[in-house]
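Undergrad: Structure provided below as structure tokens; questions to follow.
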Amino acid sequence: MMRGMGNMQGMMKQMQKMQKEMGETKAQLDQKQFTGEAGNGLVKIIMTGERKVIDVVINPDVLDPEDAEMTQDLVLAATNDCLEKIEVETENMMGKYTKNIPGF
């Protein structure tokens with residue numbers, strides 16, 4: 001009977017260790033910066049791994065008062081590009097923890 005308790009304690013320690021490692025990895029990911037681009041770099045969006053926008057860079061050549069829609073489309077495309085990069089890196093860094101857990 002004690003043998004089963006030892007296995008349970010070992011499993012709990014492993015889970016705690018994995019949880020700590022996950023937290024550390026998530027903190028590293030949150031601190032990374034990602035840049036999404038559109039229009040061959042004419043528009044750039046910079047975000048953290050927490051998906052917070054920290055900068056928007058628009059080349060003045062894109063700003064056409066007669067065609068604001070084009071600039072809006074480029075900002076949207078750059079934002080989506082950045083979010084995709086964050087998603088890929090999140091999977092690369094966190095996937096080892098979540099790949100066998102249902103719902104992740």
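We label chains A, B, ... in the order they appear in the structure tokens, count residues from 1 in each chain, and number ligands from 1 in the order shown.
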Using DSSP secondary structure from the backbone, list all alpha helix (DSSP H) positions within chain A, as a short mmCIF file (atom, residue, chain, number, x, y, z; two decimals) with N, CA and C atoms, in the first residue's frame.
TA:
```
data_model
loop_
_atom_site.label_atom_id
_atom_site.label_comp_id
_atom_site.auth_asym_id
_atom_site.auth_seq_id
_atom_site.Cartn_x
_atom_site.Cartn_y
_atom_site.Cartn_z
N MET A 2 1.96 1.27 0.71
CA MET A 2 2.85 2.42 0.76
C MET A 2 3.50 2.68 -0.60
N ARG A 3 3.67 1.60 -1.33
CA ARG A 3 4.30 1.72 -2.63
C ARG A 3 3.48 2.63 -3.56
N GLY A 4 2.19 2.48 -3.52
CA GLY A 4 1.30 3.32 -4.32
C GLY A 4 1.38 4.78 -3.91
N MET A 5 1.52 5.06 -2.64
CA MET A 5 1.64 6.43 -2.14
C MET A 5 2.95 7.05 -2.61
N GLY A 6 4.01 6.25 -2.64
CA GLY A 6 5.30 6.76 -3.12
C GLY A 6 5.23 7.17 -4.58
N ASN A 7 4.53 6.36 -5.38
CA ASN A 7 4.35 6.70 -6.79
C ASN A 7 3.55 7.98 -6.94
N MET A 8 2.52 8.13 -6.11
CA MET A 8 1.67 9.31 -6.15
C MET A 8 2.48 10.56 -5.78
N GLN A 9 3.31 10.45 -4.76
CA GLN A 9 4.14 11.58 -4.35
C GLN A 9 5.14 11.94 -5.44
N GLY A 10 5.71 10.93 -6.07
CA GLY A 10 6.64 11.15 -7.17
C GLY A 10 5.96 11.85 -8.33
N MET A 11 4.75 11.42 -8.64
CA MET A 11 3.99 12.05 -9.71
C MET A 11 3.66 13.50 -9.37
N MET A 12 3.31 13.75 -8.13
CA MET A 12 2.99 15.11 -7.70
C MET A 12 4.22 16.01 -7.82
N LYS A 13 5.39 15.50 -7.45
CA LYS A 13 6.62 16.28 -7.57
C LYS A 13 6.93 16.58 -9.03
N GLN A 14 6.73 15.59 -9.88
CA GLN A 14 6.95 15.80 -11.31
C GLN A 14 6.00 16.86 -11.86
N MET A 15 4.75 16.81 -11.44
CA MET A 15 3.76 17.78 -11.89
C MET A 15 4.14 19.19 -11.42
N GLN A 16 4.59 19.30 -10.18
CA GLN A 16 5.00 20.60 -9.65
C GLN A 16 6.20 21.15 -10.42
N LYS A 17 7.14 20.28 -10.73
CA LYS A 17 8.32 20.68 -11.49
C LYS A 17 7.90 21.15 -12.88
N MET A 18 7.03 20.39 -13.53
CA MET A 18 6.57 20.75 -14.86
C MET A 18 5.80 22.08 -14.82
N GLN A 19 5.00 22.27 -13.78
CA GLN A 19 4.24 23.51 -13.65
C GLN A 19 5.18 24.70 -13.49
N LYS A 20 6.23 24.54 -12.72
CA LYS A 20 7.22 25.60 -12.53
C LYS A 20 7.92 25.91 -13.86
N GLU A 21 8.33 24.87 -14.57
CA GLU A 21 8.99 25.05 -15.87
C GLU A 21 8.07 25.74 -16.87
N MET A 22 6.79 25.37 -16.85
CA MET A 22 5.81 26.00 -17.74
C MET A 22 5.71 27.49 -17.44
N GLY A 23 5.65 27.83 -16.17
CA GLY A 23 5.56 29.23 -15.77
C GLY A 23 6.78 30.02 -16.22
N GLU A 24 7.95 29.43 -16.07
CA GLU A 24 9.19 30.09 -16.50
C GLU A 24 9.23 30.27 -18.02
N THR A 25 8.81 29.24 -18.74
CA THR A 25 8.79 29.31 -20.20
C THR A 25 7.79 30.36 -20.67
N LYS A 26 6.62 30.39 -20.04
CA LYS A 26 5.59 31.38 -20.40
C LYS A 26 6.11 32.79 -20.14
N ALA A 27 6.82 33.01 -19.03
CA ALA A 27 7.37 34.32 -18.72
C ALA A 27 8.39 34.74 -19.78
N GLN A 28 9.20 33.79 -20.24
CA GLN A 28 10.17 34.08 -21.31
C GLN A 28 9.45 34.47 -22.60
N LEU A 29 8.41 33.72 -22.92
CA LEU A 29 7.63 34.00 -24.13
C LEU A 29 6.98 35.38 -24.04
N ASP A 30 6.43 35.71 -22.89
CA ASP A 30 5.75 36.99 -22.71
C ASP A 30 6.70 38.17 -22.92
N GLN A 31 7.97 37.99 -22.61
CA GLN A 31 8.95 39.07 -22.74
C GLN A 31 9.50 39.24 -24.15
N ALA A 68 -6.95 55.97 -47.68
CA ALA A 68 -6.73 55.55 -46.29
C ALA A 68 -7.01 54.06 -46.12
N GLU A 69 -7.87 53.52 -46.94
CA GLU A 69 -8.23 52.10 -46.85
C GLU A 69 -7.02 51.20 -47.07
N MET A 70 -6.13 51.59 -47.97
CA MET A 70 -4.94 50.78 -48.23
C MET A 70 -4.07 50.72 -46.96
N THR A 71 -3.89 51.84 -46.30
CA THR A 71 -3.10 51.88 -45.06
C THR A 71 -3.76 51.01 -44.00
N GLN A 72 -5.05 51.11 -43.88
CA GLN A 72 -5.79 50.29 -42.92
C GLN A 72 -5.59 48.81 -43.21
N ASP A 73 -5.66 48.44 -44.46
CA ASP A 73 -5.46 47.04 -44.85
C ASP A 73 -4.05 46.56 -44.51
N LEU A 74 -3.05 47.42 -44.73
CA LEU A 74 -1.68 47.06 -44.41
C LEU A 74 -1.48 46.89 -42.90
N VAL A 75 -2.09 47.77 -42.12
CA VAL A 75 -1.99 47.65 -40.65
C VAL A 75 -2.64 46.35 -40.21
N LEU A 76 -3.78 46.04 -40.76
CA LEU A 76 -4.46 44.80 -40.43
C LEU A 76 -3.62 43.58 -40.81
N ALA A 77 -3.05 43.60 -42.00
CA ALA A 77 -2.22 42.47 -42.45
C ALA A 77 -0.98 42.32 -41.57
N ALA A 78 -0.34 43.43 -41.20
CA ALA A 78 0.84 43.37 -40.34
C ALA A 78 0.49 42.84 -38.96
N THR A 79 -0.67 43.24 -38.45
CA THR A 79 -1.12 42.76 -37.13
C THR A 79 -1.35 41.25 -37.18
N ASN A 80 -2.02 40.79 -38.20
CA ASN A 80 -2.27 39.35 -38.32
C ASN A 80 -0.97 38.56 -38.51
N ASP A 81 -0.03 39.12 -39.24
CA ASP A 81 1.28 38.49 -39.42
C ASP A 81 1.99 38.35 -38.08
N CYS A 82 1.93 39.39 -37.28
CA CYS A 82 2.58 39.36 -35.96
C CYS A 82 1.91 38.33 -35.05
N LEU A 83 0.59 38.31 -35.05
CA LEU A 83 -0.13 37.34 -34.22
C LEU A 83 0.19 35.90 -34.63
N GLU A 84 0.35 35.67 -35.91
CA GLU A 84 0.71 34.33 -36.39
C GLU A 84 2.10 33.93 -35.90
N LYS A 85 3.03 34.88 -35.93
CA LYS A 85 4.38 34.60 -35.44
C LYS A 85 4.37 34.28 -33.96
N ILE A 86 3.56 34.99 -33.20
CA ILE A 86 3.45 34.72 -31.76
C ILE A 86 2.87 33.33 -31.55
N GLU A 87 1.86 32.97 -32.32
CA GLU A 87 1.22 31.66 -32.19
C GLU A 87 2.21 30.53 -32.47
N VAL A 88 3.00 30.69 -33.52
CA VAL A 88 4.00 29.68 -33.87
C VAL A 88 5.02 29.53 -32.75
N GLU A 89 5.51 30.64 -32.23
CA GLU A 89 6.52 30.59 -31.17
C GLU A 89 5.92 30.03 -29.88
N THR A 90 4.67 30.36 -29.61
CA THR A 90 4.00 29.81 -28.43
C THR A 90 3.92 28.29 -28.54
N GLU A 91 3.56 27.79 -29.70
CA GLU A 91 3.49 26.34 -29.91
C GLU A 91 4.88 25.72 -29.78
N ASN A 92 5.89 26.39 -30.33
CA ASN A 92 7.26 25.86 -30.22
C ASN A 92 7.72 25.78 -28.77
N MET A 93 7.41 26.81 -28.00
CA MET A 93 7.91 26.85 -26.62
C MET A 93 7.03 26.10 -25.63
N MET A 94 5.72 26.17 -25.81
CA MET A 94 4.79 25.59 -24.83
C MET A 94 4.23 24.24 -25.25
N GLY A 95 4.39 23.88 -26.51
CA GLY A 95 3.81 22.64 -27.01
C GLY A 95 4.27 21.40 -26.28
N LYS A 96 5.50 21.40 -25.80
CA LYS A 96 6.01 20.22 -25.10
C LYS A 96 5.23 19.97 -23.80
N TYR A 97 4.60 21.01 -23.26
CA TYR A 97 3.84 20.85 -22.04
C TYR A 97 2.38 20.51 -22.31
N THR A 98 1.87 20.98 -23.43
CA THR A 98 0.42 20.89 -23.67
C THR A 98 0.02 19.86 -24.71
#
```
Undergrad: Atom CA of A:Lys44 and atom CA of A:Asp64, how far apart in Å?
TA: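 Straight-line distance from atom CA of A:Asp64 to atom CA of A:Lys44 works out to 17.1 Å.
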